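Q: So here's query_39.tsv (TSV, C-alpha atoms).
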chain	number	residue	atom	x	y	z
A	248	MET	CA	1.72	16.31	-10.16
A	249	VAL	CA	1.74	13.02	-12.01
A	250	LEU	CA	1.03	9.49	-10.81
A	251	SER	CA	4.07	7.41	-11.69
A	252	ALA	CA	3.90	3.73	-12.60
A	253	ALA	CA	5.11	2.95	-9.08
A	254	ASP	CA	2.38	5.14	-7.57
A	255	LYS	CA	-0.32	3.37	-9.58
A	256	SER	CA	1.06	0.00	-8.62
A	257	ASN	CA	1.20	0.95	-4.92
A	258	VAL	CA	-2.37	2.26	-4.96
A	259	LYS	CA	-3.75	-0.80	-6.78
A	260	ALA	CA	-1.96	-3.19	-4.42
A	261	CYS	CA	-3.11	-1.34	-1.30
A	262	TRP	CA	-6.70	-0.96	-2.45
A	263	GLY	CA	-6.78	-4.60	-3.50
A	264	LYS	CA	-5.69	-5.65	-0.02
A	265	ILE	CA	-8.47	-3.58	1.53
A	266	GLY	CA	-11.00	-5.57	-0.48
A	267	SER	CA	-14.41	-5.80	1.14
A	268	HIS	CA	-13.36	-3.53	4.03
A	269	ALA	CA	-13.47	-0.49	1.74
A	270	GLY	CA	-16.98	0.51	2.81
A	271	GLU	CA	-16.13	0.14	6.48
A	272	TYR	CA	-13.01	2.26	6.02
A	273	GLY	CA	-14.97	4.85	4.06
A	274	ALA	CA	-17.39	5.20	6.95
A	275	GLU	CA	-14.58	5.38	9.49
A	276	ALA	CA	-12.78	8.05	7.46
A	277	LEU	CA	-15.99	10.09	7.39
A	278	GLU	CA	-16.44	9.71	11.15
A	279	ARG	CA	-12.84	10.81	11.70
A	280	THR	CA	-13.39	13.79	9.40
A	281	PHE	CA	-16.50	14.91	11.27
A	282	CYS	CA	-14.71	14.45	14.60
A	283	SER	CA	-11.44	16.24	13.78
A	284	PHE	CA	-12.85	18.84	11.41
A	285	PRO	CA	-16.31	19.75	12.73
A	286	THR	CA	-16.84	22.34	9.98
A	287	THR	CA	-17.28	19.42	7.57
A	288	LYS	CA	-20.51	18.51	9.34
A	289	THR	CA	-22.12	21.57	7.79
A	290	TYR	CA	-22.51	19.57	4.58
A	291	PHE	CA	-24.58	16.91	6.35
A	292	PRO	CA	-27.30	18.69	8.36
A	293	HIS	CA	-29.73	16.03	7.16
A	294	PHE	CA	-27.64	13.14	8.51
A	295	ASP	CA	-27.53	11.40	11.83
A	296	LEU	CA	-23.81	11.75	12.50
A	297	SER	CA	-23.67	9.75	15.72
A	298	HIS	CA	-21.26	6.81	15.98
A	299	GLY	CA	-22.57	3.81	14.04
A	300	SER	CA	-25.05	5.85	12.06
A	301	ALA	CA	-26.59	3.90	9.20
A	302	GLN	CA	-26.47	7.00	7.00
A	303	VAL	CA	-22.73	7.46	7.59
A	304	LYS	CA	-22.16	3.74	6.91
A	305	ALA	CA	-24.06	4.01	3.61
A	306	HIS	CA	-22.26	7.18	2.64
A	307	GLY	CA	-18.91	5.64	3.51
A	308	GLN	CA	-19.74	2.78	1.15
A	309	LYS	CA	-20.60	5.29	-1.60
A	310	VAL	CA	-17.29	7.09	-1.16
A	311	ALA	CA	-15.40	3.78	-1.11
A	312	ASP	CA	-17.14	2.53	-4.27
A	313	ALA	CA	-16.25	5.76	-6.07
A	314	LEU	CA	-12.63	5.38	-5.01
A	315	THR	CA	-12.64	1.77	-6.19
A	316	GLN	CA	-13.77	3.05	-9.58
A	317	ALA	CA	-11.03	5.65	-9.52
A	318	VAL	CA	-8.40	3.02	-8.74
A	319	ALA	CA	-9.59	0.99	-11.74
A	320	HIS	CA	-9.26	4.00	-14.03
A	321	MET	CA	-6.19	5.82	-12.81
A	322	ASP	CA	-5.04	6.40	-16.38
A	323	ASP	CA	-8.04	8.58	-17.10
A	324	LEU	CA	-9.56	9.95	-13.92
A	325	PRO	CA	-11.31	12.93	-15.56
A	326	THR	CA	-13.36	10.65	-17.82
A	327	ALA	CA	-14.03	8.01	-15.19
A	328	MET	CA	-15.13	10.57	-12.59
A	329	SER	CA	-16.91	12.99	-14.91
A	330	ALA	CA	-20.36	12.43	-13.42
A	331	LEU	CA	-19.12	12.84	-9.85
A	332	SER	CA	-17.18	15.88	-10.93
A	333	ASP	CA	-20.40	17.44	-12.28
A	334	LEU	CA	-22.24	16.52	-9.09
A	335	HIS	CA	-19.67	18.20	-6.84
A	336	ALA	CA	-19.42	21.29	-9.06
A	337	TYR	CA	-23.08	22.01	-9.72
A	338	LYS	CA	-24.99	20.39	-6.93
A	339	LEU	CA	-22.91	19.64	-3.83
A	340	ARG	CA	-20.38	22.48	-4.13
A	341	VAL	CA	-18.29	21.23	-1.24
A	342	ASP	CA	-15.55	23.77	-0.61
A	343	PRO	CA	-12.24	22.42	-1.99
A	344	VAL	CA	-10.51	22.58	1.41
A	345	ASN	CA	-12.68	19.72	2.63
A	346	PHE	CA	-11.24	17.21	0.17
A	347	LYS	CA	-7.91	17.59	1.98
A	348	PHE	CA	-9.56	16.82	5.32
A	349	LEU	CA	-11.25	13.66	4.03
A	350	SER	CA	-8.10	12.55	2.17
A	351	HIS	CA	-6.05	12.95	5.36
A	352	CYS	CA	-8.59	10.95	7.38
A	353	LEU	CA	-8.60	8.21	4.72
A	354	LEU	CA	-4.84	8.00	5.16
A	355	VAL	CA	-5.17	7.87	8.96
A	356	THR	CA	-7.79	5.11	8.67
A	357	LEU	CA	-5.57	3.05	6.39
A	358	ALA	CA	-2.56	3.67	8.65
A	359	CYS	CA	-4.54	2.40	11.64
A	360	HIS	CA	-5.78	-0.77	9.96
A	361	HIS	CA	-2.75	-1.67	7.84
A	362	PRO	CA	0.31	-0.21	9.57
A	363	ALA	CA	2.71	-2.75	8.06
A	364	GLU	CA	1.63	-2.07	4.48
A	365	PHE	CA	1.43	1.68	5.00
A	366	THR	CA	5.10	2.30	4.26
A	367	PRO	CA	6.29	5.84	3.49
A	368	ALA	CA	6.31	5.06	-0.26
A	369	VAL	CA	2.77	3.66	-0.20
A	370	HIS	CA	1.68	6.61	1.97
A	371	ALA	CA	3.15	9.01	-0.59
A	372	SER	CA	1.43	7.25	-3.52
A	373	LEU	CA	-1.95	7.23	-1.77
A	374	ASP	CA	-1.59	10.89	-0.80
A	375	LYS	CA	-0.90	11.72	-4.46
A	376	PHE	CA	-3.82	9.57	-5.62
A	377	PHE	CA	-6.32	11.19	-3.25
A	378	SER	CA	-4.98	14.57	-4.29
A	379	ALA	CA	-5.49	13.68	-7.96
A	380	VAL	CA	-9.04	12.49	-7.29
A	381	SER	CA	-9.78	15.69	-5.33
A	382	THR	CA	-8.45	17.80	-8.19
A	383	VAL	CA	-10.76	16.04	-10.66
A	384	LEU	CA	-13.76	16.41	-8.34
A	385	THR	CA	-13.21	20.16	-8.06
A	386	SER	CA	-12.11	20.70	-11.67
A	387	LYS	CA	-15.43	22.10	-12.90
A	388	TYR	CA	-16.04	24.44	-9.96
A	389	ARG	CA	-15.25	27.54	-12.00
B	272	MET	CA	-5.89	30.89	22.87
B	273	VAL	CA	-6.88	27.30	22.21
B	274	HIS	CA	-8.87	25.61	24.92
B	275	PHE	CA	-8.39	21.91	25.49
B	276	THR	CA	-11.02	19.99	27.43
B	277	ALA	CA	-9.98	17.64	30.22
B	278	GLU	CA	-10.75	14.69	27.94
B	279	GLU	CA	-8.60	16.09	25.13
B	280	LYS	CA	-5.69	16.67	27.50
B	281	ALA	CA	-6.04	13.16	28.90
B	282	ALA	CA	-6.11	11.66	25.41
B	283	VAL	CA	-2.95	13.53	24.42
B	284	VAL	CA	-0.99	12.94	27.63
B	285	SER	CA	-1.80	9.23	27.92
B	286	LEU	CA	-0.80	8.48	24.34
B	287	TRP	CA	2.35	10.62	24.57
B	288	ALA	CA	3.54	8.58	27.55
B	289	LYS	CA	3.79	5.56	25.24
B	290	VAL	CA	5.60	7.29	22.40
B	291	ASN	CA	9.19	6.31	21.65
B	292	VAL	CA	10.31	9.84	20.78
B	293	GLU	CA	13.51	8.78	19.05
B	294	LEU	CA	11.81	6.21	16.83
B	295	VAL	CA	8.66	8.18	16.08
B	296	GLY	CA	10.57	11.43	15.55
B	297	GLY	CA	12.70	9.85	12.85
B	298	GLU	CA	9.67	8.33	11.15
B	299	VAL	CA	7.76	11.61	11.23
B	300	LEU	CA	10.52	13.66	9.65
B	301	GLY	CA	11.35	10.86	7.22
B	302	ARG	CA	7.78	10.63	5.99
B	303	LEU	CA	7.61	14.42	5.58
B	304	LEU	CA	10.63	14.27	3.28
B	305	VAL	CA	9.29	11.26	1.36
B	306	VAL	CA	5.66	12.31	0.97
B	307	TYR	CA	6.36	16.02	0.36
B	308	PRO	CA	9.76	15.99	-1.31
B	309	TRP	CA	9.86	19.76	-1.67
B	310	THR	CA	10.39	19.94	2.11
B	311	GLN	CA	13.88	18.58	1.46
B	312	ARG	CA	14.79	22.17	0.55
B	313	PHE	CA	15.57	22.84	4.20
B	314	PHE	CA	17.97	19.96	4.55
B	315	ASP	CA	20.65	20.37	1.86
B	316	ASN	CA	23.36	19.29	4.28
B	317	PHE	CA	21.67	16.05	5.29
B	318	GLY	CA	23.44	13.93	2.69
B	319	ASN	CA	21.63	11.18	0.81
B	320	LEU	CA	17.88	11.86	0.46
B	321	SER	CA	17.56	10.24	-2.94
B	322	SER	CA	15.12	7.44	-2.12
B	323	GLU	CA	12.60	6.30	0.47
B	324	SER	CA	15.12	3.91	2.05
B	325	ALA	CA	17.91	6.51	1.95
B	326	ILE	CA	15.68	9.03	3.72
B	327	MET	CA	14.22	6.68	6.32
B	328	GLY	CA	17.68	5.27	7.12
B	329	ASN	CA	19.51	8.60	7.09
B	330	PRO	CA	21.11	9.19	10.52
B	331	LYS	CA	20.77	12.98	10.25
B	332	VAL	CA	17.06	12.63	9.51
B	333	LYS	CA	16.63	10.38	12.54
B	334	ALA	CA	18.60	12.73	14.79
B	335	HIS	CA	16.77	15.80	13.65
B	336	GLY	CA	13.43	14.04	13.85
B	337	LYS	CA	14.18	13.15	17.46
B	338	LYS	CA	15.06	16.80	18.17
B	339	VAL	CA	11.83	18.06	16.62
B	340	LEU	CA	9.62	15.56	18.41
B	341	THR	CA	11.36	16.16	21.73
B	342	SER	CA	10.47	19.81	21.30
B	343	PHE	CA	6.92	18.77	20.53
B	344	GLY	CA	6.92	17.06	23.91
B	345	ASN	CA	7.08	20.53	25.40
B	346	ALA	CA	3.74	21.25	23.77
B	347	VAL	CA	2.19	18.30	25.57
B	348	LYS	CA	3.45	19.72	28.88
B	349	HIS	CA	2.19	23.25	28.12
B	350	MET	CA	-1.03	22.76	26.24
B	351	ASP	CA	-2.56	25.87	27.85
B	352	ASP	CA	0.37	28.08	27.02
B	353	LEU	CA	1.59	27.19	23.55
B	354	LYS	CA	2.20	30.70	22.19
B	355	ASP	CA	4.63	31.57	24.97
B	356	THR	CA	6.18	28.12	25.00
B	357	PHE	CA	7.06	28.38	21.29
B	358	ALA	CA	7.73	32.14	21.04
B	359	GLU	CA	11.48	31.78	20.74
B	360	LEU	CA	11.26	28.85	18.33
B	361	SER	CA	8.79	30.84	16.25
B	362	GLU	CA	11.25	33.69	15.83
B	363	LEU	CA	14.01	31.22	15.04
B	364	HIS	CA	11.96	29.49	12.32
B	365	CYS	CA	11.16	32.86	10.77
B	366	ASP	CA	14.38	34.82	11.09
B	367	LYS	CA	17.04	32.13	10.93
B	368	MET	CA	15.49	29.14	9.16
B	369	HIS	CA	13.01	30.94	6.88
B	370	VAL	CA	10.49	28.10	7.05
B	371	ASP	CA	7.05	28.68	5.49
B	372	PRO	CA	4.55	27.95	8.30
B	373	GLU	CA	2.62	25.74	5.89
B	374	ASN	CA	5.32	23.18	6.64
B	375	PHE	CA	4.27	23.05	10.30
B	376	LYS	CA	0.84	21.83	9.17
B	377	LEU	CA	2.41	19.20	6.93
B	378	LEU	CA	4.62	17.98	9.78
B	379	GLY	CA	1.66	17.96	12.14
B	380	ASN	CA	-0.22	15.64	9.79
B	381	MET	CA	2.80	13.35	9.59
B	382	ILE	CA	2.77	13.11	13.41
B	383	LEU	CA	-0.89	12.09	13.24
B	384	ILE	CA	-0.23	9.44	10.63
B	385	VAL	CA	2.78	7.92	12.36
B	386	LEU	CA	0.81	7.79	15.64
B	387	ALA	CA	-1.92	5.99	13.70
B	388	THR	CA	0.52	3.36	12.43
B	389	HIS	CA	1.84	2.78	15.95
B	390	PHE	CA	-1.35	2.85	17.95
B	391	SER	CA	-3.95	1.45	15.49
B	392	LYS	CA	-7.23	0.71	17.27
B	393	GLU	CA	-6.19	2.89	20.22
B	394	PHE	CA	-6.03	5.85	17.83
B	395	THR	CA	-9.79	6.36	17.87
B	396	PRO	CA	-11.52	9.27	16.11
B	397	GLN	CA	-11.69	11.08	19.46
B	398	VAL	CA	-7.99	10.59	20.19
B	399	GLN	CA	-7.16	11.69	16.65
B	400	ALA	CA	-9.29	14.81	17.07
B	401	ALA	CA	-7.43	15.81	20.24
B	402	TRP	CA	-4.11	15.38	18.47
B	403	GLN	CA	-5.32	17.27	15.37
B	404	LYS	CA	-6.21	20.15	17.67
B	405	LEU	CA	-2.81	20.04	19.35
B	406	THR	CA	-0.77	19.89	16.14
B	407	ALA	CA	-2.83	22.73	14.63
B	408	ALA	CA	-2.31	24.80	17.77
B	409	VAL	CA	1.44	24.14	17.78
B	410	ALA	CA	1.60	25.09	14.09
B	411	ASN	CA	-0.17	28.36	14.93
B	412	ALA	CA	2.12	29.01	17.89
B	413	LEU	CA	5.18	28.45	15.72
B	414	ALA	CA	3.83	30.87	13.12
B	415	HIS	CA	2.76	33.46	15.66
B	416	ARG	CA	5.96	35.52	15.73
B	417	TYR	CA	6.42	35.63	11.95
B	418	HIS	CA	6.79	39.05	10.42
Now that the file is in, can you turn its structure into structure tokens?

A:
Amino acid sequence: MVLSAADKSNVKACWGKIGSHAGEYGAEALERTFCSFPTTKTYFPHFDLSHGSAQVKAHGQKVADALTQAVAHMDDLPTAMSALSDLHAYKLRVDPVNFKFLSHCLLVTLACHHPAEFTPAVHASLDKFFSAVSTVLTSKYR
Amino acid sequence: MVHFTAEEKAAVVSLWAKVNVELVGGEVLGRLLVVYPWTQRFFDNFGNLSSESAIMGNPKVKAHGKKVLTSFGNAVKHMDDLKDTFAELSELHCDKMHVDPENFKLLGNMILIVLATHFSKEFTPQVQAAWQKLTAAVANALAHRYH
């Protein structure tokens, strides 16, 4: 699976439009993930996961910032995300299935907030992008 | 058997009442074919599926999408009895259409996403969760008679 020039352009445009809302959307995507896929909560026993939690807000911002970095370096995700890749492989060890859950909830969040921009083509490009990021983050697992 | 709470049922039923099945059905199937192009393998006789606009505007896609979502409406009416409700369709998808059940999960997620684009703020995490549960349960019911 390769990100085409059109995919990269769609992702950059969409992420640019999100702008300063990225952190808010990151937090919302996390909340949706915990709600729809309760097994994902097992990775956050140390968090207050109630609605509006400061920890979830902060973590949402972290996820969003990492994705912003990824968007800026789509031509070389493995290099740009190397440190995060190490973190997930050696420390966090989040089972790969969970990246699909979070990616899906990121898409749902964006669809809710930007329905007009979230055309099928943009949806496809974002789905591919999140999939590419997930692949990089799990690339050193074994 | 999947158990839906009263709140989950209410969330599903109330949103479903506002769904334009013809419109949403077409969008759901269209997005499946655009986002996961390999799913086009089941629709060789649908004509032009060569681009996003071709797919989303294709009358056969719209018609079939409406058919699929209308059937999904049955799930909303029989949330406590999905396996029996979809038994015949399950056999059909296995024996006649040879559809990998993984595709039911992909379609389910497309339903979620199209609902999100239509209902925005109303599509809260709790509402989404109820619908995730329903689409997963329908996918399981449709796969149940596979052999």

Q: Near Ser256 (chain A), within 12 Å and counting only C-alpha atoms, which residues show up once chain neighbours fewer than 2 positions away are dropped, as a list in words?

A: Leu250, Ser251, Ala252, Ala253, Asp254, Val258, Lys259, Ala260, Cys261, Trp262, Gly263, Val318, Ala319, Met321, Asp322, Ala368, Val369, Ser372, Leu373 and Phe376 of chain A

Q: May I ask for the distance between CA of Glu362 (chain B) and CA of Lys280 (chain B), given in Å to one decimal place?

A: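 A separation of 26.7 Å between them.
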
Q: Quick one: residues within 10 Å of His274 (chain B), all atoms listed in the file counted, chain neighbours fewer than 5 positions away excluded, as a list in words?

A: Glu279, Lys280, Met350, Asp351, Asp352, Lys404, Leu405 and Ala408 of chain B

Q: Looking at B:Val299, B:Val290, B:Ala387, B:Leu413, which one is nearest to chain A, with distances taken over all atoms listed in the file?

A: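 Using all atoms listed in the file, the shortest distance to chain A belongs to B:Ala387.
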
Q: Using only C-alpha atoms, tabulate the residues of chain A lying at most 12 Å from any atom of chain B, each with its closest atom pair and that distance in Å to one decimal, by chain and increasing residue number, as CSV.

A:
residue,atom,partner,partner_atom,distance
A:Met248,CA,B:Tyr307,CA,11.5
A:Asp254,CA,B:Val306,CA,11.6
A:Ala274,CA,B:Pro396,CA,11.6
A:Glu275,CA,B:Pro396,CA,8.3
A:Ala276,CA,B:Pro396,CA,8.8
A:Leu277,CA,B:Pro396,CA,9.8
A:Glu278,CA,B:Pro396,CA,7.0
A:Arg279,CA,B:Pro396,CA,4.9
A:Thr280,CA,B:Pro396,CA,8.3
A:Phe281,CA,B:Pro396,CA,8.9
A:Cys282,CA,B:Ala400,CA,6.0
A:Ser283,CA,B:Ala400,CA,4.2
A:Phe284,CA,B:Ala400,CA,7.8
A:Pro285,CA,B:Ala400,CA,9.6
A:His298,CA,B:Pro396,CA,10.0
A:Lys347,CA,B:Asn380,CA,11.1
A:Phe348,CA,B:Asn380,CA,10.4
A:Ser350,CA,B:Asn380,CA,11.4
A:His351,CA,B:Asn380,CA,7.8
A:Cys352,CA,B:Ile384,CA,9.1
A:Leu353,CA,B:Ile384,CA,10.3
A:Leu354,CA,B:Ile384,CA,7.3
A:Val355,CA,B:Ile384,CA,5.4
A:Thr356,CA,B:Ala387,CA,7.8
A:Leu357,CA,B:Thr388,CA,8.6
A:Ala358,CA,B:Thr388,CA,4.9
A:Cys359,CA,B:Ser391,CA,4.0
A:His360,CA,B:Ser391,CA,6.2
A:His361,CA,B:Thr388,CA,7.6
A:Pro362,CA,B:Thr388,CA,4.6
A:Ala363,CA,B:Thr388,CA,7.8
A:Glu364,CA,B:Thr388,CA,9.7
A:Phe365,CA,B:Thr388,CA,7.7
A:Thr366,CA,B:Arg302,CA,8.9
A:Pro367,CA,B:Arg302,CA,5.6
A:Ala368,CA,B:Glu323,CA,6.5
A:Val369,CA,B:Val306,CA,9.2
A:His370,CA,B:Val306,CA,7.0
A:Ala371,CA,B:Val306,CA,4.4
A:Ser372,CA,B:Val306,CA,8.0
A:Leu373,CA,B:Val306,CA,9.6
A:Asp374,CA,B:Val306,CA,7.6
A:Lys375,CA,B:Val306,CA,8.5
A:Phe376,CA,B:Val306,CA,11.9

Q: For the atom pair CA of Trp287 (chain B) and CA of Asn345 (chain A), what is the interatomic distance in Å to one decimal place?

A: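 Here the two named atoms are 28.1 Å from each other.
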
Q: Mind giving me the axis-aligned box for region 269-288 of chain A with 8 Å on every side, centre plus edges in Å to one decimal, as lines of an AutoDock Vina configuration file?

A:
center_x = -16.0
center_y = 10.9
center_z = 8.2
size_x = 25.1
size_y = 38.8
size_z = 28.9

Q: Would you compute the distance between CA of Leu363 (chain B) and CA of Gly318 (chain B)? Give it in Å to one decimal.

A: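 CA of Gly318 (chain B) lies 23.2 Å from CA of Leu363 (chain B).
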
Q: In terms of the shortest atom-to-atom distance over only C-alpha atoms, which of B:Val283, B:Val273, B:Ile382, B:Val332 is closest to Phe313 (chain B)?

A: B:Val332

Q: Extract, using only C-alpha atoms, all DNA, RNA and protein residues at most 12 Å from Ser300 (chain A), discarding same-chain residues fewer than 3 positions from it, and format them as a list of chain:residue names.

A: A:Glu271, A:Ala274, A:Glu275, A:Leu277, A:Glu278, A:Phe294, A:Asp295, A:Leu296, A:Ser297, A:Val303, A:Lys304, A:Ala305, A:His306, A:Gly307

Q: Looking at A:Gln302, A:Leu384, A:Phe346, A:Leu339, which one is nearest to Tyr290 (chain A), with distances taken over all atoms listed in the file?

A: A:Leu339

Q: Tell me which of B:Leu378, B:Val409, B:Leu320, B:Ala277 sits closest to Phe357 (chain B), counting all atoms listed in the file.

A: B:Val409

Q: Tell me which protein, DNA and RNA residues are within 12 Å of His320 (chain A), counting only C-alpha atoms, leaving out same-chain ones fewer than 6 positions away, and put them as a list of chain:residue names.

A: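 Skipping anything fewer than 6 positions along the chain leaves A:Lys255, A:Val258, A:Lys259, A:Ala313, A:Leu314, A:Thr326, A:Ala327, A:Met328, A:Ser329, A:Phe376, A:Val380.
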